[in-house]
file data.pdb (PDB, C-alpha atoms and all ligand atoms)
ATOM      1  CA  MET A 671     109.897  85.372  96.408
ATOM      2  CA  ARG A 672     109.439  88.152  98.972
ATOM      3  CA  GLN A 673     106.954  90.979  98.645
ATOM      4  CA  LEU A 674     108.465  93.773 100.724
ATOM      5  CA  HIS A 675     107.173  97.338 100.437
ATOM      6  CA  ILE A 676     108.996 100.120 102.275
ATOM      7  CA  LEU A 677     106.664 103.099 102.650
ATOM      8  CA  GLU A 678     108.880 106.082 102.020
ATOM      9  CA  HIS A 679     106.351 108.895 102.206
ATOM     10  CA  PRO A 680     108.081 111.873 103.923
ATOM     11  CA  LEU A 681     105.411 112.122 106.651
ATOM     12  CA  ILE A 682     105.819 108.423 107.456
ATOM     13  CA  GLN A 683     109.603 108.710 107.684
ATOM     14  CA  ASN A 684     109.331 111.857 109.798
ATOM     15  CA  LYS A 685     107.043 110.201 112.341
ATOM     16  CA  LEU A 686     109.100 107.004 112.427
ATOM     17  CA  THR A 687     112.161 109.042 113.396
ATOM     18  CA  HIS A 688     110.288 110.560 116.359
ATOM     19  CA  LEU A 689     109.086 107.079 117.372
ATOM     20  CA  ARG A 690     112.663 105.786 117.373
ATOM     21  CA  ASP A 691     113.852 108.637 119.624
ATOM     22  CA  VAL A 692     114.606 107.398 123.139
ATOM     23  CA  ARG A 693     113.347 110.753 124.529
ATOM     24  CA  THR A 694     109.810 110.206 123.185
ATOM     25  CA  THR A 695     107.456 109.657 126.142
ATOM     26  CA  ASN A 696     104.916 106.793 126.348
ATOM     27  CA  HIS A 697     102.096 109.243 125.749
ATOM     28  CA  GLU A 698     103.787 110.747 122.664
ATOM     29  CA  PHE A 699     104.727 107.272 121.446
ATOM     30  CA  ARG A 700     101.095 106.118 121.497
ATOM     31  CA  LEU A 701      99.882 109.181 119.606
ATOM     32  CA  LEU A 702     102.660 108.970 117.010
ATOM     33  CA  LEU A 703     102.057 105.256 116.538
ATOM     34  CA  GLU A 704      98.370 105.845 115.783
ATOM     35  CA  GLU A 705      99.141 108.688 113.371
ATOM     36  CA  LEU A 706     101.854 106.742 111.596
ATOM     37  CA  THR A 707      99.634 103.666 111.297
ATOM     38  CA  ALA A 708      96.898 105.798 109.729
ATOM     39  CA  PHE A 709      99.293 107.130 107.076
ATOM     40  CA  MET A 710     100.498 103.618 106.319
ATOM     41  CA  VAL A 711      96.966 102.228 106.040
ATOM     42  CA  TYR A 712      96.095 105.052 103.649
ATOM     43  CA  GLU A 713      98.979 103.877 101.428
ATOM     44  CA  ILE A 714      98.265 100.142 101.527
ATOM     45  CA  THR A 715      94.529 100.314 100.818
ATOM     46  CA  ARG A 716      94.851 102.055  97.433
ATOM     47  CA  ASP A 717      93.607  99.032  95.489
ATOM     48  CA  TYR A 718      90.564  98.271  97.653
ATOM     49  CA  PRO A 719      87.457  97.764  95.504
ATOM     50  CA  LEU A 720      84.644 100.313  95.394
ATOM     51  CA  ARG A 721      81.034 100.104  94.297
ATOM     52  CA  PRO A 722      78.873 102.979  93.131
ATOM     53  CA  GLN A 723      76.290 104.295  95.574
ATOM     54  CA  SER A 724      73.791 107.055  95.035
ATOM     55  CA  VAL A 725      73.950 109.976  97.439
ATOM     56  CA  THR A 726      71.810 113.061  97.822
ATOM     57  CA  THR A 727      73.757 116.263  98.381
ATOM     58  CA  PRO A 728      72.011 119.439  99.610
ATOM     59  CA  LEU A 729      71.600 120.292  95.903
ATOM     60  CA  GLU A 730      70.907 117.094  93.964
ATOM     61  CA  GLU A 731      71.346 113.363  93.685
ATOM     62  CA  THR A 732      74.643 111.990  92.377
ATOM     63  CA  THR A 733      76.660 108.770  92.402
ATOM     64  CA  GLY A 734      79.493 108.282  94.850
ATOM     65  CA  PHE A 735      81.583 105.264  95.755
ATOM     66  CA  VAL A 736      81.855 103.173  98.908
ATOM     67  CA  LEU A 737      84.146 100.328  99.921
ATOM     68  CA  ASP A 738      82.959  97.076  98.423
ATOM     69  CA  VAL A 739      84.784  94.649 100.698
ATOM     70  CA  PRO A 740      84.747  93.945 104.431
ATOM     71  CA  VAL A 741      87.965  94.873 106.222
ATOM     72  CA  VAL A 742      89.351  92.833 109.111
ATOM     73  CA  LEU A 743      92.157  94.069 111.336
ATOM     74  CA  VAL A 744      94.131  91.600 113.366
ATOM     75  CA  PRO A 745      96.561  92.970 115.964
ATOM     76  CA  ILE A 746      99.026  90.504 117.441
ATOM     77  CA  LEU A 747      98.777  90.888 121.228
ATOM     78  CA  ARG A 748     100.032  92.921 122.867
ATOM     79  CA  ALA A 749     101.958  95.572 120.904
ATOM     80  CA  GLY A 750      99.723  95.265 117.828
ATOM     81  CA  THR A 751      96.828  96.788 119.759
ATOM     82  CA  GLY A 752      98.746 100.090 119.801
ATOM     83  CA  MET A 753      98.159 100.309 116.038
ATOM     84  CA  LEU A 754      94.397  99.649 116.185
ATOM     85  CA  GLY A 755      93.143 103.190 116.756
ATOM     86  CA  GLY A 756      95.069 104.478 113.748
ATOM     87  CA  VAL A 757      93.328 102.029 111.410
ATOM     88  CA  LEU A 758      89.887 102.382 112.982
ATOM     89  CA  ASN A 759      90.037 106.167 112.598
ATOM     90  CA  LEU A 760      90.275 105.637 108.833
ATOM     91  CA  ILE A 761      88.082 102.538 108.471
ATOM     92  CA  PRO A 762      85.555 102.688 111.345
ATOM     93  CA  THR A 763      83.546  99.801 109.887
ATOM     94  CA  ALA A 764      86.485  97.397 110.081
ATOM     95  CA  LYS A 765      86.005  94.292 112.213
ATOM     96  CA  VAL A 766      88.734  93.431 114.688
ATOM     97  CA  GLY A 767      90.150  89.989 115.426
ATOM     98  CA  HIS A 768      92.830  89.230 118.020
ATOM     99  CA  ILE A 769      95.669  86.739 118.087
ATOM    100  CA  GLY A 770      97.714  86.147 121.240
ATOM    101  CA  MET A 771     100.994  84.275 121.254
ATOM    102  CA  TYR A 772     103.849  83.731 123.665
ATOM    103  CA  ARG A 773     107.276  82.300 123.025
ATOM    104  CA  ASN A 774     107.959  78.809 124.427
ATOM    105  CA  PRO A 775     111.175  79.347 126.433
ATOM    106  CA  GLU A 776     112.561  75.918 125.468
ATOM    107  CA  THR A 777     111.738  75.710 121.760
ATOM    108  CA  LEU A 778     111.666  79.531 121.292
ATOM    109  CA  GLN A 779     108.696  78.912 118.995
ATOM    110  CA  PRO A 780     105.474  80.975 119.267
ATOM    111  CA  VAL A 781     102.572  79.252 121.006
ATOM    112  CA  GLU A 782      98.986  80.381 120.362
ATOM    113  CA  TYR A 783      97.088  81.147 123.586
ATOM    114  CA  TYR A 784      94.176  83.122 122.171
ATOM    115  CA  SER A 785      92.536  83.738 118.862
ATOM    116  CA  LYS A 786      89.179  85.200 117.966
ATOM    117  CA  LEU A 787      88.542  86.192 114.388
ATOM    118  CA  PRO A 788      85.381  87.681 112.834
ATOM    119  CA  PRO A 789      83.176  85.588 110.511
ATOM    120  CA  GLU A 790      83.778  87.996 107.599
ATOM    121  CA  LEU A 791      87.373  86.715 107.353
ATOM    122  CA  PRO A 792      87.029  84.503 104.230
ATOM    123  CA  ARG A 793      85.688  87.342 102.062
ATOM    124  CA  ALA A 794      87.551  90.226 103.751
ATOM    125  CA  ARG A 795      90.720  92.152 103.115
ATOM    126  CA  THR A 796      92.690  91.356 106.258
ATOM    127  CA  ILE A 797      95.414  93.591 107.700
ATOM    128  CA  LEU A 798      97.612  91.866 110.284
ATOM    129  CA  VAL A 799      99.385  94.452 112.450
ATOM    130  CA  ASP A 800     102.396  94.223 114.746
ATOM    131  CA  PRO A 801     104.887  97.091 115.165
ATOM    132  CA  MET A 802     108.054  94.974 114.932
ATOM    133  CA  LEU A 803     108.934  92.203 112.454
ATOM    134  CA  ALA A 804     111.885  90.699 114.337
ATOM    135  CA  THR A 805     112.444  86.937 113.833
ATOM    136  CA  GLY A 806     109.200  86.692 111.869
ATOM    137  CA  ALA A 807     108.062  83.655 113.878
ATOM    138  CA  SER A 808     104.984  85.180 115.516
ATOM    139  CA  ALA A 809     103.851  87.024 112.381
ATOM    140  CA  ALA A 810     104.180  83.827 110.324
ATOM    141  CA  ALA A 811     102.292  81.835 112.985
ATOM    142  CA  ALA A 812      99.564  84.501 113.058
ATOM    143  CA  VAL A 813      99.153  84.191 109.287
ATOM    144  CA  ASP A 814      98.892  80.391 109.727
ATOM    145  CA  ILE A 815      95.973  80.996 112.117
ATOM    146  CA  ILE A 816      94.277  83.501 109.792
ATOM    147  CA  LYS A 817      94.597  81.097 106.847
ATOM    148  CA  ARG A 818      93.367  78.202 109.000
ATOM    149  CA  GLU A 819      90.207  80.252 109.759
ATOM    150  CA  GLY A 820      89.660  80.939 106.046
ATOM    151  CA  GLY A 821      91.484  84.262 105.552
ATOM    152  CA  ARG A 822      92.645  84.665 101.958
ATOM    153  CA  SER A 823      93.619  88.238 101.162
ATOM    154  CA  ILE A 824      96.162  89.200 103.824
ATOM    155  CA  GLN A 825      98.545  92.142 104.192
ATOM    156  CA  PHE A 826     101.100  92.352 107.007
ATOM    157  CA  LEU A 827     101.768  95.847 108.347
ATOM    158  CA  CYS A 828     104.655  96.701 110.687
ATOM    159  CA  LEU A 829     106.659  99.808 111.547
ATOM    160  CA  VAL A 830     110.137  98.344 111.488
ATOM    161  CA  ALA A 831     111.417  95.090 110.003
ATOM    162  CA  ALA A 832     114.651  93.150 110.401
ATOM    163  CA  PRO A 833     116.062  91.448 107.279
ATOM    164  CA  GLU A 834     116.044  88.107 109.161
ATOM    165  CA  GLY A 835     112.317  88.440 109.854
ATOM    166  CA  VAL A 836     111.490  89.479 106.304
ATOM    167  CA  ASP A 837     113.300  86.390 104.929
ATOM    168  CA  ALA A 838     111.762  83.930 107.414
ATOM    169  CA  PHE A 839     108.241  85.326 106.997
ATOM    170  CA  SER A 840     108.454  85.434 103.196
ATOM    171  CA  GLN A 841     109.680  81.854 103.017
ATOM    172  CA  GLN A 842     106.602  80.662 104.895
ATOM    173  CA  HIS A 843     104.091  83.042 103.323
ATOM    174  CA  PRO A 844     105.340  84.252  99.937
ATOM    175  CA  ASP A 845     101.759  85.243  99.049
ATOM    176  CA  VAL A 846     101.496  87.784 101.907
ATOM    177  CA  PRO A 847     102.974  91.236 101.213
ATOM    178  CA  ILE A 848     104.898  92.983 104.003
ATOM    179  CA  TYR A 849     104.542  96.755 104.423
ATOM    180  CA  THR A 850     106.978  98.574 106.680
ATOM    181  CA  ALA A 851     108.222 102.099 107.334
ATOM    182  CA  GLY A 852     111.806 100.934 107.899
ATOM    183  CA  LEU A 853     114.013  97.989 106.973
ATOM    184  CA  ASP A 854     116.654  97.986 109.687
ATOM    185  CA  ARG A 855     120.153  96.483 109.927
ATOM    186  CA  ARG A 856     119.814  93.253 111.923
ATOM    187  CA  LEU A 857     118.656  91.535 115.119
ATOM    188  CA  ASN A 858     120.864  91.597 118.200
ATOM    189  CA  GLU A 859     121.532  88.511 120.371
ATOM    190  CA  HIS A 860     118.348  89.197 122.397
ATOM    191  CA  GLY A 861     116.129  89.364 119.334
ATOM    192  CA  TYR A 862     115.834  93.173 119.310
ATOM    193  CA  ILE A 863     115.982  95.047 116.032
ATOM    194  CA  LEU A 864     118.998  97.352 115.482
ATOM    195  CA  PRO A 865     118.699 100.324 115.394
ATOM    196  CA  GLY A 866     114.955  99.683 115.942
ATOM    197  CA  LEU A 867     112.976 101.571 118.537
ATOM    198  CA  GLY A 868     113.329  99.336 121.589
ATOM    199  CA  ASP A 869     110.531  97.210 122.992
ATOM    200  CA  ALA A 870     107.402  98.481 121.273
ATOM    201  CA  GLY A 871     105.025  97.018 123.889
ATOM    202  CA  ASP A 872     106.968  98.602 126.752
ATOM    203  CA  ARG A 873     107.036 101.954 124.994
ATOM    204  CA  ILE A 874     103.281 101.852 124.288
ATOM    205  CA  PHE A 875     102.184 100.678 127.713
ATOM    206  CA  GLY A 876     104.934 102.119 129.904
ATOM    207  CA  THR A 877     105.913  98.738 131.348
TER     208      THR A 877
HETATM  209  N1  LIG B   1     109.933  93.351 119.608
HETATM  210  C1  LIG B   1     110.111  94.636 119.974
HETATM  211  O1  LIG B   1     109.255  95.218 120.629
HETATM  212  N2  LIG B   1     111.254  95.254 119.623
HETATM  213  C2  LIG B   1     112.222  94.644 118.899
HETATM  214  O2  LIG B   1     113.227  95.281 118.585
HETATM  215  C3  LIG B   1     112.012  93.304 118.521
HETATM  216  C4  LIG B   1     110.855  92.678 118.892
END

call {"tool": "encode", "arguments": {"input": "data.pdb", "output": "structure tokens", "more": "lines below"}}
Ligand code: URA
result
Amino acid sequence: MRQLHILEHPLIQNKLTHLRDVRTTNHEFRLLLEELTAFMVYEITRDYPLRPQSVTTPLEETTGFVLDVPVVLVPILRAGTGMLGGVLNLIPTAKVGHIGMYRNPETLQPVEYYSKLPPELPRARTILVDPMLATGASAAAAVDIIKREGGRSIQFLCLVAAPEGVDAFSQQHPDVPIYTAGLDRRLNEHGYILPGLGDAGDRIFGT
């Protein structure tokens, strides 16, 4: 069973359209990506637990609420790092892990070359971020690593998903919900999403 959530908020769709536009510069792309990620994180954290905490206002003492769970963000290197600032603006206390993978040119399978995850992982809400869910292979392998290190409550956040990637990812990790701003048509023969937005890493970093 797949858990796919398409975030249809008008501000999310508006920003996604600007991100897709070939005329958007690298500088604009980075800013839009951070803003869009922040809107998406706002949507996907609605059920995070809170605990009461007393607070003194300039007038009196009252009870407020604060997050009652550690949050771990895990960008997949390299394009996932473009989404970091957007999440950290909203949840500055979040811890950040990193997972690096490259594709073996012979097997076409992702190979882990780096992973460093914070010790809070087993009791945290973990948000794995990567702008594009294409074949789904690297996202699924990243979830394998997070689970191997004790991660339990995982959400996968991307900007654009291909149906092929959604199916492959969901088969391997039916317990991990996917959140995306757009479910696109298909992958082309080079593994790019159509219509997509091109190579997200190149557009973020200007390579
Ligand atoms: N990675 C990208 O950056 N873009 C795609 O379309 C697919 C994978």

call {"tool": "closest_residue", "arguments": {"input": "data.pdb", "among": "A:Ile761, A:Asp738, A:Gly806, A:Arg716", "to": "A:Gln779", "atoms": "only C-alpha atoms"}}
result
A:Gly806

call {"tool": "axis_aligned_box", "arguments": {"input": "data.pdb", "around": "stretch 739-753 of chain A", "padding_each_side": "8 Å", "output": "JSON"}}
result
{"center_x": 93.4, "center_y": 95.4, "center_z": 111.8, "size_x": 33.2, "size_y": 25.8, "size_z": 38.2}

call {"tool": "residues_near_ligand", "arguments": {"input": "data.pdb", "ligand": "ligand LIG 1 (chain B)", "cutoff": "6 Å", "atoms": "only C-alpha atoms and all ligand atoms", "output": "list of chain:residue names"}}
result
A:Met802, A:Ala804, A:Gly861, A:Tyr862, A:Ile863, A:Gly866, A:Gly868, A:Asp869, A:Ala870, A:Gly871

call {"tool": "closest_residue", "arguments": {"input": "data.pdb", "among": "A:Pro745, A:Pro780, A:Pro789, A:Pro844", "to": "A:His768", "atoms": "only C-alpha atoms"}}
result
A:Pro745

call {"tool": "atom_distance", "arguments": {"input": "data.pdb", "atom1": "atom CA of A:Thr732", "atom2": "atom CA of A:Leu720"}}
result
15.7 Å

call {"tool": "closest_residue", "arguments": {"input": "data.pdb", "among": "A:Gln825, A:Leu853, A:Leu703, A:Ala708", "to": "A:Asp837", "atoms": "all atoms listed in the file"}}
result
A:Leu853

call {"tool": "closest_residue", "arguments": {"input": "data.pdb", "among": "A:Ala749, A:Val741, A:Leu827, A:Tyr784", "to": "A:Thr877", "atoms": "all atoms listed in the file"}}
result
A:Ala749

call {"tool": "closest_residue", "arguments": {"input": "data.pdb", "among": "A:Ile676, A:Leu803, A:Ala810, A:Ile797", "to": "A:Pro833", "atoms": "all atoms listed in the file"}}
result
A:Leu803

call {"tool": "residues_around", "arguments": {"input": "data.pdb", "residues": "A:Val692", "least_positions_apart": "4", "cutoff": "10 Å", "atoms": "only C-alpha atoms", "output": "number ranges by chain"}}
result
A: 688, 867-868, 873

call {"tool": "resolve_selection", "arguments": {"input": "data.pdb", "expression": "the PyMOL selection byres (((chain A and resi 772) around 8) and not hetatm)", "output": "count of residues only"}}
result
8

call {"tool": "closest_residue", "arguments": {"input": "data.pdb", "among": "A:Arg700, A:Pro847, A:Ile815, A:Arg690", "to": "A:Leu864", "atoms": "all atoms listed in the file"}}
result
A:Arg690

call {"tool": "resolve_selection", "arguments": {"input": "data.pdb", "expression": "the PyMOL selection byres (((chain A and resi 675) around 10) and not hetatm)", "output": "ChimeraX atom specification"}}
result
/A:672-674,676-678,714,827,847-853

call {"tool": "resolve_selection", "arguments": {"input": "data.pdb", "expression": "the PyMOL selection byres (((chain A and resi 719) around 7) and not hetatm)", "output": "list in words"}}
result
Asp717, Tyr718, Leu720, Arg721, Leu737, Asp738 and Val739 of chain A

call {"tool": "atom_distance", "arguments": {"input": "data.pdb", "atom1": "atom CA of A:Ile769", "atom2": "atom CA of A:Gly750"}}
result
9.4 Å

call {"tool": "atom_distance", "arguments": {"input": "data.pdb", "atom1": "atom CA of A:Asp800", "atom2": "atom CA of A:Thr707"}}
result
10.4 Å

call {"tool": "residues_around", "arguments": {"input": "data.pdb", "residues": "A:Pro792", "least_positions_apart": "6", "cutoff": "10 Å", "atoms": "only C-alpha atoms", "output": "compact mmCIF listing (two decimals) with C-alpha atoms, in the frame of the given file"}}
result
# COMPACT_ATOMS: atom_id res chain seq x y z
CA PRO A 740 84.75 93.94 104.43
CA VAL A 742 89.35 92.83 109.11
CA ILE A 816 94.28 83.50 109.79
CA LYS A 817 94.60 81.10 106.85
CA GLU A 819 90.21 80.25 109.76
CA GLY A 820 89.66 80.94 106.05
CA GLY A 821 91.48 84.26 105.55
CA ARG A 822 92.64 84.66 101.96
CA SER A 823 93.62 88.24 101.16

call {"tool": "residues_near_point", "arguments": {"input": "data.pdb", "point": "(91.8, 91.5, 115.8)", "cutoff": "10 Å", "atoms": "all atoms listed in the file", "output": "MDAnalysis selection string"}}
result
chainID A and resid 742:747 750:751 754 764:770 785:788 796:799
